[in-house]
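Engineer: I'd like to ask you about the structure that follows.
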Amino acid sequence: LGATEWLNDEHIQRDYELLAQELQRENPDLAARTRLVDPLIAHYHLRLGSDNAALRAFQRIVYDRNGNDIADFMFLPVNDASATDPERRGSHWSLLMVDRRERERPVAYHYDSAGRLNDQPAAQLARRLGAHLVPTRITQQQNGYDCGVFVLDGTRALVGRLGQRRQPARLHLDYLAVDRQALQNRLRG
């Protein structure tokens, strides 16, 4: 990952795998209730897939091996790629965090480091997941290439808050400081 390179779905998925391993070691209970969703699954199956494909993907995400729905928190990278225009491959990432602790009334929080650029795809994804979308704040990026870093560092910050003994009072990320160098180091292993 270069100094100004856009993150792709592989970068995001790899860091999600690393975070899942860390979470499993440090807080197995929260790890069992948290789903860090592969960006390709979020985009192609959940947001743009047929109703049947979306339902199958959702069930694979939230149910454990015993068929129990134990997924309280879902973290989904949102991309602005078009379903109908193959030339619009996507140029922006944002984060959708879905709180499913109340299964009948899930709440989705959308974090977009470029203002409201991904409002439409995030709303579409939240709708597909049956979640009420709530606006949230996040630090705004100052360049045209760090949106993926905001997704990953935002996910890590929120997971850290969820791991605290008391529930976090606020889910805004308006003081988030991203660290591309730390991400580069994590991805290098």
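Quick note on naming: the chains in the structure tokens go A, B, ... in the order shown, residues restart at 1 in each chain, and ligands are numbered from 1 in order of appearance.
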To test your reading of the structure, identify every residue in region 16-178 of chain A that backbone DSSP assigns to helix (DSSP H, G or I), and report it as a ChimeraX atom specification.
Structural biologist: /A:16-26,28-33,39-47,51-62,119-128,147-162
Engineer: Residues near region 54-58 of chain A, anyone? I mean within 9 Å using only C-alpha atoms, not counting same-chain ones fewer than 5 positions away, as a PyMOL selection string.
Structural biologist: chain A and resi 41-42+44-49+63+128-129
Engineer: Excluding Val151 (chain A) and any residue of its chain fewer than 6 positions from it, enumerate the residues within 9 Å of it, using only C-alpha atoms, and give them as a list in words.
Structural biologist: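 So, after excluding close chain neighbours, the residues are Ile12, Pro77, Val78, Trp93, Ser94, Leu95, Leu96, Tyr111, Asp112 and Ser113 of chain A.
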Engineer: Applying 12 Å and only C-alpha atoms, which residues near Arg156 (chain A) remain after dropping the ones on its own chain fewer than 5 positions away? List them as a ChimeraX atom specification.
Structural biologist: /A:12,15-20,22-23,34,36,75,95,97,149-151,161-163,173,176-179,183
Engineer: I need the chosen residues saved as a PDB file, in the first residue's frame, with N, CA and C atoms.
Structural biologist:
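Final file, result31.pdb:
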ATOM      1  N   ILE A  12      -8.896  -3.777   2.590  1.00  0.00           N
ATOM      2  CA  ILE A  12      -9.899  -3.691   3.657  1.00  0.00           C
ATOM      3  C   ILE A  12     -10.158  -5.069   4.249  1.00  0.00           C
ATOM      4  N   ASP A  15      -7.211  -6.196   6.525  1.00  0.00           N
ATOM      5  CA  ASP A  15      -7.170  -5.548   7.837  1.00  0.00           C
ATOM      6  C   ASP A  15      -8.332  -6.025   8.706  1.00  0.00           C
ATOM      7  N   TYR A  16      -9.491  -6.303   8.104  1.00  0.00           N
ATOM      8  CA  TYR A  16     -10.604  -6.875   8.873  1.00  0.00           C
ATOM      9  C   TYR A  16     -10.226  -8.249   9.426  1.00  0.00           C
ATOM     10  N   GLU A  17      -9.502  -9.051   8.653  1.00  0.00           N
ATOM     11  CA  GLU A  17      -9.053 -10.353   9.151  1.00  0.00           C
ATOM     12  C   GLU A  17      -8.109 -10.181  10.333  1.00  0.00           C
ATOM     13  N   LEU A  18      -7.189  -9.223  10.240  1.00  0.00           N
ATOM     14  CA  LEU A  18      -6.268  -8.962  11.342  1.00  0.00           C
ATOM     15  C   LEU A  18      -7.016  -8.486  12.584  1.00  0.00           C
ATOM     16  N   LEU A  19      -7.988  -7.591  12.396  1.00  0.00           N
ATOM     17  CA  LEU A  19      -8.779  -7.105  13.522  1.00  0.00           C
ATOM     18  C   LEU A  19      -9.575  -8.239  14.159  1.00  0.00           C
ATOM     19  N   ALA A  20     -10.137  -9.114  13.347  1.00  0.00           N
ATOM     20  CA  ALA A  20     -10.904 -10.248  13.884  1.00  0.00           C
ATOM     21  C   ALA A  20     -10.007 -11.146  14.738  1.00  0.00           C
ATOM     22  N   GLU A  22      -7.255 -10.180  16.370  1.00  0.00           N
ATOM     23  CA  GLU A  22      -6.968  -9.428  17.594  1.00  0.00           C
ATOM     24  C   GLU A  22      -8.154  -9.490  18.549  1.00  0.00           C
ATOM     25  N   LEU A  23      -9.336  -9.291  18.010  1.00  0.00           N
ATOM     26  CA  LEU A  23     -10.545  -9.288  18.831  1.00  0.00           C
ATOM     27  C   LEU A  23     -10.772 -10.663  19.455  1.00  0.00           C
ATOM     28  N   THR A  34     -19.594  -9.960  16.814  1.00  0.00           N
ATOM     29  CA  THR A  34     -19.221  -8.915  15.854  1.00  0.00           C
ATOM     30  C   THR A  34     -18.897  -9.535  14.509  1.00  0.00           C
ATOM     31  N   LEU A  36     -17.267  -8.519  10.849  1.00  0.00           N
ATOM     32  CA  LEU A  36     -16.538  -7.601   9.981  1.00  0.00           C
ATOM     33  C   LEU A  36     -16.741  -8.132   8.569  1.00  0.00           C
ATOM     34  N   PHE A  75     -20.101  -4.600  10.724  1.00  0.00           N
ATOM     35  CA  PHE A  75     -19.330  -3.511  10.137  1.00  0.00           C
ATOM     36  C   PHE A  75     -19.215  -3.791   8.650  1.00  0.00           C
ATOM     37  N   LEU A  95     -18.278   3.748   5.865  1.00  0.00           N
ATOM     38  CA  LEU A  95     -18.529   2.647   6.789  1.00  0.00           C
ATOM     39  C   LEU A  95     -19.972   2.675   7.274  1.00  0.00           C
ATOM     40  N   MET A  97     -22.105   0.816  10.225  1.00  0.00           N
ATOM     41  CA  MET A  97     -22.089  -0.047  11.398  1.00  0.00           C
ATOM     42  C   MET A  97     -23.538  -0.294  11.791  1.00  0.00           C
ATOM     43  N   VAL A 149      -8.818   4.288   4.641  1.00  0.00           N
ATOM     44  CA  VAL A 149      -8.144   4.331   5.945  1.00  0.00           C
ATOM     45  C   VAL A 149      -9.145   4.772   7.008  1.00  0.00           C
ATOM     46  N   PHE A 150     -10.012   5.715   6.673  1.00  0.00           N
ATOM     47  CA  PHE A 150     -11.050   6.149   7.609  1.00  0.00           C
ATOM     48  C   PHE A 150     -11.986   4.991   7.948  1.00  0.00           C
ATOM     49  N   VAL A 151     -12.336   4.171   6.964  1.00  0.00           N
ATOM     50  CA  VAL A 151     -13.202   3.010   7.211  1.00  0.00           C
ATOM     51  C   VAL A 151     -12.530   2.076   8.210  1.00  0.00           C
ATOM     52  N   ARG A 161     -14.515   0.860  21.392  1.00  0.00           N
ATOM     53  CA  ARG A 161     -15.545   1.407  22.288  1.00  0.00           C
ATOM     54  C   ARG A 161     -16.533   0.328  22.712  1.00  0.00           C
ATOM     55  N   LEU A 162     -16.904  -0.544  21.789  1.00  0.00           N
ATOM     56  CA  LEU A 162     -17.852  -1.615  22.121  1.00  0.00           C
ATOM     57  C   LEU A 162     -17.245  -2.599  23.112  1.00  0.00           C
ATOM     58  N   GLY A 163     -15.920  -2.697  23.114  1.00  0.00           N
ATOM     59  CA  GLY A 163     -15.245  -3.606  24.029  1.00  0.00           C
ATOM     60  C   GLY A 163     -15.105  -3.073  25.441  1.00  0.00           C
ATOM     61  N   LEU A 173     -17.585   9.759  15.439  1.00  0.00           N
ATOM     62  CA  LEU A 173     -16.135   9.659  15.273  1.00  0.00           C
ATOM     63  C   LEU A 173     -15.560  10.992  14.813  1.00  0.00           C
ATOM     64  N   LEU A 176     -11.746  11.330  15.237  1.00  0.00           N
ATOM     65  CA  LEU A 176     -10.939  10.226  14.740  1.00  0.00           C
ATOM     66  C   LEU A 176      -9.691  10.760  14.038  1.00  0.00           C
ATOM     67  N   ALA A 177      -8.553  10.236  14.425  1.00  0.00           N
ATOM     68  CA  ALA A 177      -7.295  10.555  13.747  1.00  0.00           C
ATOM     69  C   ALA A 177      -6.832   9.284  13.051  1.00  0.00           C
ATOM     70  N   VAL A 178      -6.750   9.329  11.730  1.00  0.00           N
ATOM     71  CA  VAL A 178      -6.359   8.129  10.989  1.00  0.00           C
ATOM     72  C   VAL A 178      -4.835   8.050  10.886  1.00  0.00           C
ATOM     73  N   ASP A 179      -4.359   6.826  10.715  1.00  0.00           N
ATOM     74  CA  ASP A 179      -2.924   6.590  10.675  1.00  0.00           C
ATOM     75  C   ASP A 179      -2.599   5.623   9.543  1.00  0.00           C
ATOM     76  N   LEU A 183      -1.525   1.440   9.339  1.00  0.00           N
ATOM     77  CA  LEU A 183      -2.191   0.490   8.459  1.00  0.00           C
ATOM     78  C   LEU A 183      -1.173  -0.188   7.539  1.00  0.00           C
TER      79      LEU A 183
END
Engineer: Would you list the contacts of His110 (chain A) as a VMD selection string, taking every protein, DNA or RNA residue within 12 Å and counting only C-alpha atoms, but skipping same-chain residues closer than 2 positions in sequence?
Structural biologist: chain A and resid 74 to 78 93 to 99 107 to 108 112 to 126 131 to 138 151 154 to 155 171 to 173
Engineer: Hey, what does DSSP flag as strand (DSSP E) within region 66-140 of chain A? Can you give it to me as a PyMOL selection string?
Structural biologist: chain A and resi 73-79+93-99+107-111+132-135
Engineer: Quick one: distance from CA of Arg180 (chain A) to CA of Val159 (chain A) in Å, one decimal?
Structural biologist: 18.4 Å
Engineer: To one decimal in Å, tell me the separation between CA of Arg35 (chain A) and CA of Tyr175 (chain A).
Structural biologist: 24.1 Å
